[in-house]
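Participant: So here's my_file00.cif, just mmCIF, C-alpha atoms:
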```
data_target
#
loop_
_atom_site.label_atom_id
_atom_site.label_comp_id
_atom_site.auth_asym_id
_atom_site.auth_seq_id
_atom_site.Cartn_x
_atom_site.Cartn_y
_atom_site.Cartn_z
CA MET U 1 131.01 136.60 186.62
CA SER U 2 131.67 137.29 182.94
CA LEU U 3 130.14 135.07 180.30
CA PRO U 4 132.43 132.38 178.86
CA ALA U 5 133.36 132.71 175.20
CA ILE U 6 131.02 130.91 172.83
CA ILE U 7 132.87 129.12 170.04
CA ALA U 8 130.69 127.96 167.15
CA HIS U 9 131.88 124.40 166.55
CA ARG U 10 132.40 124.00 162.79
CA GLY U 11 130.27 127.12 162.47
CA TYR U 12 126.60 127.19 163.43
CA SER U 13 126.47 123.48 162.71
CA THR U 14 123.16 122.75 164.42
CA ILE U 15 121.24 124.33 161.54
CA HIS U 16 123.83 124.49 158.73
CA ARG U 17 126.23 122.05 157.17
CA GLU U 18 129.47 122.07 159.14
CA ASN U 19 132.45 124.06 157.80
CA SER U 20 130.32 125.70 155.11
CA PRO U 21 129.83 129.37 154.23
CA ALA U 22 126.26 129.13 155.56
CA ALA U 23 127.55 127.82 158.90
CA TRP U 24 130.08 130.66 159.11
CA VAL U 25 127.51 133.33 158.32
CA GLY U 26 125.10 131.73 160.78
CA ALA U 27 127.76 131.86 163.50
CA ILE U 28 128.40 135.54 162.79
CA GLU U 29 124.68 136.32 162.96
CA ALA U 30 124.52 134.36 166.22
CA LYS U 31 127.26 136.63 167.58
CA ALA U 32 129.60 133.73 168.35
CA ASP U 33 132.83 134.95 169.94
CA TYR U 34 134.82 132.60 167.71
CA ILE U 35 134.09 130.44 164.69
CA GLU U 36 135.86 127.10 164.89
CA VAL U 37 137.04 125.84 161.49
CA ASP U 38 138.83 122.57 160.70
CA VAL U 39 141.66 122.88 158.18
CA ARG U 40 143.61 120.42 156.03
CA VAL U 41 146.06 120.64 153.13
CA THR U 42 145.46 119.26 149.63
CA SER U 43 147.96 117.40 147.48
CA ASP U 44 148.87 120.61 145.67
CA GLY U 45 149.50 122.53 148.87
CA LYS U 46 146.27 124.48 149.32
CA VAL U 47 144.46 124.91 152.64
CA VAL U 48 140.84 123.80 152.74
CA CYS U 49 138.19 123.61 155.45
CA CYS U 50 137.14 120.07 156.32
CA HIS U 51 137.01 118.03 159.51
CA ASP U 52 137.38 114.51 158.13
CA LYS U 53 140.42 113.19 156.32
CA ASP U 54 138.18 112.12 153.43
CA LEU U 55 134.79 112.99 151.94
CA LYS U 56 132.96 109.77 152.75
CA ARG U 57 130.70 111.20 155.45
CA LEU U 58 129.93 114.50 153.75
CA ALA U 59 129.82 113.54 150.08
CA GLY U 60 129.82 109.75 149.95
CA ARG U 61 133.25 109.66 148.33
CA GLU U 62 136.49 108.01 149.35
CA ASP U 63 138.64 110.94 148.23
CA ALA U 64 141.29 111.74 150.84
CA ILE U 65 141.89 115.49 151.19
CA ALA U 66 145.68 115.08 151.23
CA GLU U 67 145.62 113.03 148.02
CA VAL U 68 143.52 115.24 145.72
CA THR U 69 144.13 118.67 144.25
CA SER U 70 142.29 121.82 145.20
CA LYS U 71 140.84 121.94 141.67
CA GLU U 72 139.41 118.45 142.06
CA LEU U 73 137.96 119.34 145.44
CA ALA U 74 136.36 122.51 144.12
CA ALA U 75 134.18 120.40 141.84
CA ILE U 76 132.75 118.31 144.70
CA GLU U 77 129.75 119.65 146.60
CA ALA U 78 127.94 118.51 149.73
CA TYR U 79 124.52 119.90 150.64
CA GLY U 80 124.86 122.76 148.17
CA PHE U 81 128.31 123.97 149.19
CA PRO U 82 131.88 122.95 148.39
CA ALA U 83 132.58 119.78 150.36
CA ALA U 84 135.91 121.25 151.46
CA PRO U 85 135.80 125.04 150.97
CA ALA U 86 139.06 126.82 150.24
CA LEU U 87 140.59 128.89 153.03
CA ALA U 88 140.27 131.88 150.74
CA LEU U 89 136.49 131.43 150.69
CA LEU U 90 136.46 131.47 154.49
CA PHE U 91 138.26 134.80 154.53
CA GLU U 92 136.01 136.18 151.79
CA THR U 93 132.93 135.17 153.80
CA VAL U 94 133.97 136.06 157.34
CA PRO U 95 134.70 139.73 158.12
CA GLU U 96 138.11 140.62 159.47
CA SER U 97 136.61 141.60 162.83
CA GLN U 98 135.37 138.05 163.51
CA PRO U 99 137.82 135.88 165.51
CA ILE U 100 138.47 132.39 164.15
CA LEU U 101 139.81 129.25 165.84
CA PHE U 102 141.51 126.78 163.53
CA ASP U 103 141.47 123.11 164.48
CA VAL U 104 144.55 122.06 162.52
CA LYS U 105 143.93 118.50 161.37
CA ASP U 106 147.07 118.06 159.27
CA GLU U 107 150.14 118.63 161.45
CA ARG U 108 152.82 117.36 159.11
CA PRO U 109 155.63 119.96 159.23
CA GLU U 110 155.16 120.77 155.56
CA ALA U 111 151.42 121.22 156.06
CA LEU U 112 151.97 123.52 159.03
CA ASP U 113 154.35 125.62 156.93
CA ILE U 114 151.74 125.91 154.16
CA LEU U 115 149.11 126.99 156.67
CA LEU U 116 151.39 129.56 158.29
CA ALA U 117 152.29 131.01 154.89
CA ALA U 118 148.58 131.44 154.13
CA LEU U 119 147.92 133.06 157.50
CA ARG U 120 150.75 135.57 157.04
CA GLU U 121 148.70 136.99 154.18
CA VAL U 122 145.95 137.91 156.66
CA ALA U 123 148.14 138.93 159.59
CA SER U 124 145.68 141.55 160.83
CA ARG U 125 143.00 138.96 161.61
CA ASP U 126 142.28 137.63 165.11
CA LEU U 127 143.25 133.97 164.69
CA VAL U 128 143.91 131.12 167.12
CA LEU U 129 145.70 127.90 166.17
CA GLY U 130 144.39 124.72 167.77
CA LEU U 131 147.18 122.12 167.79
CA HIS U 132 147.22 118.49 168.90
CA ALA U 133 150.89 117.86 169.67
CA PRO U 134 153.62 119.72 171.59
CA GLY U 135 155.95 119.17 168.63
CA SER U 136 153.57 121.10 166.41
CA VAL U 137 153.58 123.98 168.90
CA ARG U 138 157.38 124.09 168.83
CA HIS U 139 157.36 123.99 165.04
CA VAL U 140 155.01 126.93 164.55
CA ARG U 141 156.74 128.99 167.25
CA ARG U 142 160.09 128.43 165.57
CA ALA U 143 158.49 129.42 162.28
CA GLY U 144 157.45 132.75 163.75
CA TRP U 145 153.81 132.26 164.79
CA MET U 146 153.20 134.84 167.53
CA GLY U 147 149.46 134.35 167.89
CA PRO U 148 147.64 132.35 170.56
CA ILE U 149 147.70 128.55 170.52
CA LEU U 150 144.97 126.37 172.00
CA GLY U 151 146.06 122.93 173.17
CA LEU U 152 143.94 120.14 171.69
CA VAL U 153 146.23 117.69 173.44
CA ASN U 154 145.59 114.67 175.62
CA SER U 155 146.08 114.93 179.36
CA LEU U 156 149.54 113.32 179.25
CA ASP U 157 150.83 116.05 176.94
CA GLU U 158 149.49 119.09 178.78
CA GLU U 159 152.71 120.05 180.54
CA ALA U 160 154.73 119.57 177.37
CA PHE U 161 152.22 121.71 175.49
CA PHE U 162 152.75 124.69 177.78
CA GLU U 163 156.50 124.18 177.86
CA ALA U 164 156.51 124.27 174.05
CA GLY U 165 154.81 127.67 174.02
CA GLY U 166 151.09 126.94 174.18
CA ASP U 167 148.70 129.45 175.73
CA PHE U 168 145.47 127.82 176.85
CA LEU U 169 143.89 124.41 176.99
CA ARG U 170 140.91 122.60 175.52
CA ILE U 171 139.43 119.83 177.66
CA TRP U 172 136.71 117.44 176.52
CA GLU U 173 133.55 117.61 178.60
CA TRP U 174 133.80 113.90 179.40
CA ASP U 175 137.25 114.55 180.91
CA THR U 176 136.15 117.19 183.42
CA ALA U 177 136.42 115.25 186.68
CA PRO U 178 135.77 117.40 189.79
CA GLY U 179 138.58 119.88 190.31
CA ARG U 180 140.21 119.36 186.89
CA ILE U 181 139.09 122.67 185.40
CA ALA U 182 139.65 124.65 188.59
CA THR U 183 143.19 123.32 189.03
CA HIS U 184 144.25 124.61 185.62
CA VAL U 185 142.50 127.95 186.11
CA GLU U 186 144.14 128.43 189.52
CA ASN U 187 147.51 127.88 187.83
CA GLY U 188 146.79 130.62 185.31
CA ARG U 189 145.87 128.31 182.46
CA PRO U 190 142.56 129.27 180.83
CA VAL U 191 140.36 126.32 179.85
CA TRP U 192 137.93 125.90 176.98
CA ILE U 193 135.59 122.93 176.84
CA THR U 194 134.36 120.94 173.85
CA ALA U 195 130.84 119.83 174.74
CA GLY U 196 129.55 116.33 174.13
CA GLU U 197 131.28 113.19 172.78
CA GLY U 198 132.68 110.26 174.73
CA ALA U 199 130.90 109.22 177.90
CA THR U 200 128.34 112.04 177.58
CA GLY U 201 126.51 110.00 174.93
CA ARG U 202 125.98 113.19 172.94
CA ARG U 203 127.27 114.24 169.55
CA VAL U 204 130.39 116.37 169.75
CA GLY U 205 129.34 119.98 170.25
CA ASP U 206 125.93 119.18 171.70
CA PHE U 207 125.36 120.20 175.32
CA VAL U 208 123.08 119.88 178.31
CA ALA U 209 122.40 123.17 180.08
CA ASP U 210 123.14 121.96 183.62
CA ASP U 211 126.49 120.49 182.59
CA LEU U 212 127.55 123.64 180.74
CA LEU U 213 126.61 125.73 183.76
CA ARG U 214 128.55 123.45 186.12
CA MET U 215 131.71 123.77 184.02
CA ALA U 216 131.32 127.54 183.75
CA ARG U 217 131.07 127.82 187.52
CA GLU U 218 134.20 125.68 187.84
CA GLY U 219 136.09 128.24 185.77
CA ALA U 220 135.79 127.25 182.10
CA SER U 221 136.16 130.41 180.04
CA GLY U 222 134.97 129.08 176.68
CA PHE U 223 132.71 126.42 175.17
CA LEU U 224 132.79 124.80 171.74
CA VAL U 225 129.14 124.14 170.88
CA ASN U 226 127.05 123.44 167.81
CA ASP U 227 124.29 125.87 168.81
CA PRO U 228 125.86 129.18 169.87
CA VAL U 229 122.50 130.90 170.26
CA ALA U 230 121.12 128.41 172.77
CA ALA U 231 124.40 128.22 174.68
CA ARG U 232 124.75 131.98 175.04
CA GLN U 233 121.14 132.44 176.05
CA MET U 234 121.30 129.73 178.69
CA LEU U 235 124.57 130.96 180.19
CA ALA U 236 123.45 134.58 180.17
CA GLU U 237 120.24 133.78 181.99
CA ALA U 238 121.95 131.54 184.54
CA LEU U 239 125.09 133.59 185.23
CA GLU U 240 124.12 137.21 184.69
CA HIS U 241 120.99 137.01 186.81
CA ARG U 242 122.33 134.89 189.67
CA PRO U 243 121.95 136.49 193.14
#
```
Please re-express this file's structure in structure tokens.
Facilitator:
Amino acid sequence: MSLPAIIAHRGYSTIHRENSPAAWVGAIEAKADYIEVDVRVTSDGKVVCCHDKDLKRLAGREDAIAEVTSKELAAIEAYGFPAAPALALLFETVPESQPILFDVKDERPEALDILLAALREVASRDLVLGLHAPGSVRHVRRAGWMGPILGLVNSLDEEAFFEAGGDFLRIWEWDTAPGRIATHVENGRPVWITAGEGATGRRVGDFVADDLLRMAREGASGFLVNDPVAARQMLAEALEHRP
């Protein structure tokens, strides 16, 4: 059994500030298969890396990403790094050989077009778009996006996601009832899992070894985790050395 892909959730966010250059470098050094990065669009049409819609949690400010300019954002730091680093800084920091998963937080059509225009400038990179709505999938496919799309959709939208042109599915750990992962895998739909959150009682991205192993054995082919080193080590020991 091959090891599932390890996706560093917001970078190596267990030991570095999420969505920061340090978290990206840490994920690379940890040999994460993908770095997951959240992206949003500023008021002047620039793509930046930030999970939340505002800076309250990271920087104690009410500034909404979509309502401030990239220049204003560049002057705001959190834990020694730009609170919302520019997409250009991500590409300057992360080598071209490192795959990246984008969790696209702003799916307004105009924001999707801005993101796609920026990604056309780095067409040789190995990039995955994570989208939350079937309509967004249709939009980017019509706009010419040929790369893979991960479905960050709810269970009611899964069929529509694949019909719109999506490629593989993300399921929350708390939504992995017995047989759910296996059913998708048997139908040729690869499944990635975001660890933690919801009924698990854990922070998003945090995992328990036994639960990760259970989901891997049920067919999950990727895990979004905050600690890529611990996740890889645990899975390697459990799966590569099984009788």
Participant: Apply the PyMOL selection byres ((chain U and resi 220-232) around 6) to the file shown and report the selected residues as number ranges by chain.
Facilitator: U: 4-9, 12-14, 30, 191-194, 205-206, 215-216, 219, 233-236
Participant: Pick out the residues sitting within 7 Å of stretch 89-95 of chain U, and hand them over as an mmCIF file with C-alpha atoms, keeping the file's coordinate frame; count all atoms listed in the file, and ignore anything fewer than 4 positions along from it in its own chain.
Facilitator:
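The resulting file, result-v7.cif, is reproduced below:
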```
data_model
loop_
_atom_site.group_PDB
_atom_site.id
_atom_site.type_symbol
_atom_site.label_atom_id
_atom_site.label_comp_id
_atom_site.auth_asym_id
_atom_site.auth_seq_id
_atom_site.Cartn_x
_atom_site.Cartn_y
_atom_site.Cartn_z
ATOM 1 C CA PRO U 21 129.830 129.370 154.230
ATOM 2 C CA TRP U 24 130.080 130.660 159.110
ATOM 3 C CA PRO U 85 135.800 125.040 150.970
#
```
Participant: Name the residues, using the chain letters and numbers of the file, that sit within 8 Å of (151.9, 121.3, 172.5) when counting all atoms listed in the file, and give them as a PyMOL selection string.
Facilitator: chain U and resi 131-138+151+153+157-158+160-166
Participant: Between U:Asp54, U:Arg120, U:Gly196, U:Arg61, which is the closest to U:Ala143 once you count only C-alpha atoms?
Facilitator: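 Nearest to U:Ala143: U:Arg120.
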Participant: So, with only C-alpha atoms as the atoms that count, which of U:Ala209, U:Ala75, U:Val39, U:Ile28 lies closest to U:Asp103?
Facilitator: U:Val39
Participant: What's the separation between atom CA of U:Ala32 and atom CA of U:Glu237, in Å to one decimal place?
Facilitator: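 These atoms are spaced 16.5 Å apart.
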Participant: Need to verify the contact set: U:Asp106, 9 Å, only C-alpha atoms, exclusion of same-chain residues closer than 4 positions in sequence. Can you return it as a ChimeraX atom specification?
Facilitator: /U:39-41,53,66,111-112
Participant: Which residue out of U:Arg214, U:Lys46, U:Arg17, U:Arg189 has the minimum interatomic distance to U:Ala117 when all atoms listed in the file are used?
Facilitator: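 Once distances to U:Ala117 are computed over all atoms listed in the file, the minimum belongs to U:Lys46.
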Participant: Which value, in Å to one decimal, gives the distance between atom CA of U:Ala199 and atom CA of U:Trp172?
Facilitator: 10.2 Å
Participant: May I have the centre and edge lengths, in Å to one decimal, of an axis-aligned box around the listed atoms of stretch 39-43 of chain U with 5 Å added to every side, as lines of an AutoDock Vina configuration file?
Facilitator:
```
center_x = 144.8
center_y = 120.1
center_z = 152.8
size_x = 16.3
size_y = 15.5
size_z = 20.7
```
Participant: Using all atoms listed in the file, pick whichever of U:Ala123, U:Val25, U:Leu239, U:Val204 has the shortest atom-to-atom distance to U:Arg217.
Facilitator: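 Residue with the minimum atom-to-atom distance to U:Arg217: U:Leu239.
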Participant: Given the choices U:Ile149, U:Val185, U:Asp167, U:Val128, which gets closest to U:Gln98 if the distance is worked out from only C-alpha atoms?
Facilitator: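 Closest to U:Gln98 of all the choices is U:Val128.
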Participant: Using atom CA of U:Glu197 and atom CA of U:Ala78 as the two end points, give the distance in Å to one decimal.
Facilitator: 23.9 Å
Participant: Nearest residue to U:Glu72 out of U:Cys50, U:Leu101, U:Asp44, U:Glu96, using only C-alpha atoms?
Facilitator: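 Among U:Cys50, U:Leu101, U:Asp44, U:Glu96, it is U:Asp44 that comes nearest to U:Glu72.
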Participant: The PyMOL selection byres ((chain U and resi 81-83) around 12) on the file shown: which residues, as a ChimeraX atom specification?
Facilitator: /U:16-23,48-61,63-65,70-80,84-87,89-90
Participant: Can you rebuild stretch 47-58 of chain U with N, CA and C atoms and give it as a PDB file, in the frame of the given file?
Facilitator:
```pdb
ATOM      1  N   VAL U  47     145.178 125.138 151.384  1.00  0.00           N
ATOM      2  CA  VAL U  47     144.460 124.910 152.640  1.00  0.00           C
ATOM      3  C   VAL U  47     142.960 124.930 152.376  1.00  0.00           C
ATOM      4  N   VAL U  48     142.290 123.890 152.880  1.00  0.00           N
ATOM      5  CA  VAL U  48     140.840 123.800 152.740  1.00  0.00           C
ATOM      6  C   VAL U  48     140.217 123.525 154.104  1.00  0.00           C
ATOM      7  N   CYS U  49     138.911 123.725 154.180  1.00  0.00           N
ATOM      8  CA  CYS U  49     138.190 123.610 155.450  1.00  0.00           C
ATOM      9  C   CYS U  49     137.368 122.321 155.464  1.00  0.00           C
ATOM     10  N   CYS U  50     137.832 121.365 156.245  1.00  0.00           N
ATOM     11  CA  CYS U  50     137.140 120.070 156.320  1.00  0.00           C
ATOM     12  C   CYS U  50     137.597 119.346 157.576  1.00  0.00           C
ATOM     13  N   HIS U  51     136.671 118.757 158.298  1.00  0.00           N
ATOM     14  CA  HIS U  51     137.010 118.030 159.510  1.00  0.00           C
ATOM     15  C   HIS U  51     137.624 116.669 159.202  1.00  0.00           C
ATOM     16  N   ASP U  52     136.962 115.882 158.373  1.00  0.00           N
ATOM     17  CA  ASP U  52     137.380 114.510 158.130  1.00  0.00           C
ATOM     18  C   ASP U  52     138.560 114.453 157.165  1.00  0.00           C
ATOM     19  N   LYS U  53     139.292 113.351 157.227  1.00  0.00           N
ATOM     20  CA  LYS U  53     140.420 113.190 156.320  1.00  0.00           C
ATOM     21  C   LYS U  53     139.988 112.851 154.902  1.00  0.00           C
ATOM     22  N   ASP U  54     138.720 112.416 154.751  1.00  0.00           N
ATOM     23  CA  ASP U  54     138.180 112.120 153.430  1.00  0.00           C
ATOM     24  C   ASP U  54     136.767 112.677 153.324  1.00  0.00           C
ATOM     25  N   LEU U  55     136.110 112.415 152.188  1.00  0.00           N
ATOM     26  CA  LEU U  55     134.790 112.990 151.940  1.00  0.00           C
ATOM     27  C   LEU U  55     133.663 111.972 152.070  1.00  0.00           C
ATOM     28  N   LYS U  56     133.964 110.833 152.684  1.00  0.00           N
ATOM     29  CA  LYS U  56     132.960 109.770 152.750  1.00  0.00           C
ATOM     30  C   LYS U  56     131.711 110.211 153.490  1.00  0.00           C
ATOM     31  N   ARG U  57     131.867 110.809 154.651  1.00  0.00           N
ATOM     32  CA  ARG U  57     130.700 111.200 155.450  1.00  0.00           C
ATOM     33  C   ARG U  57     129.915 112.329 154.815  1.00  0.00           C
ATOM     34  N   LEU U  58     130.610 113.321 154.284  1.00  0.00           N
ATOM     35  CA  LEU U  58     129.930 114.500 153.750  1.00  0.00           C
ATOM     36  C   LEU U  58     129.395 114.297 152.337  1.00  0.00           C
TER      37      LEU U  58
END
```
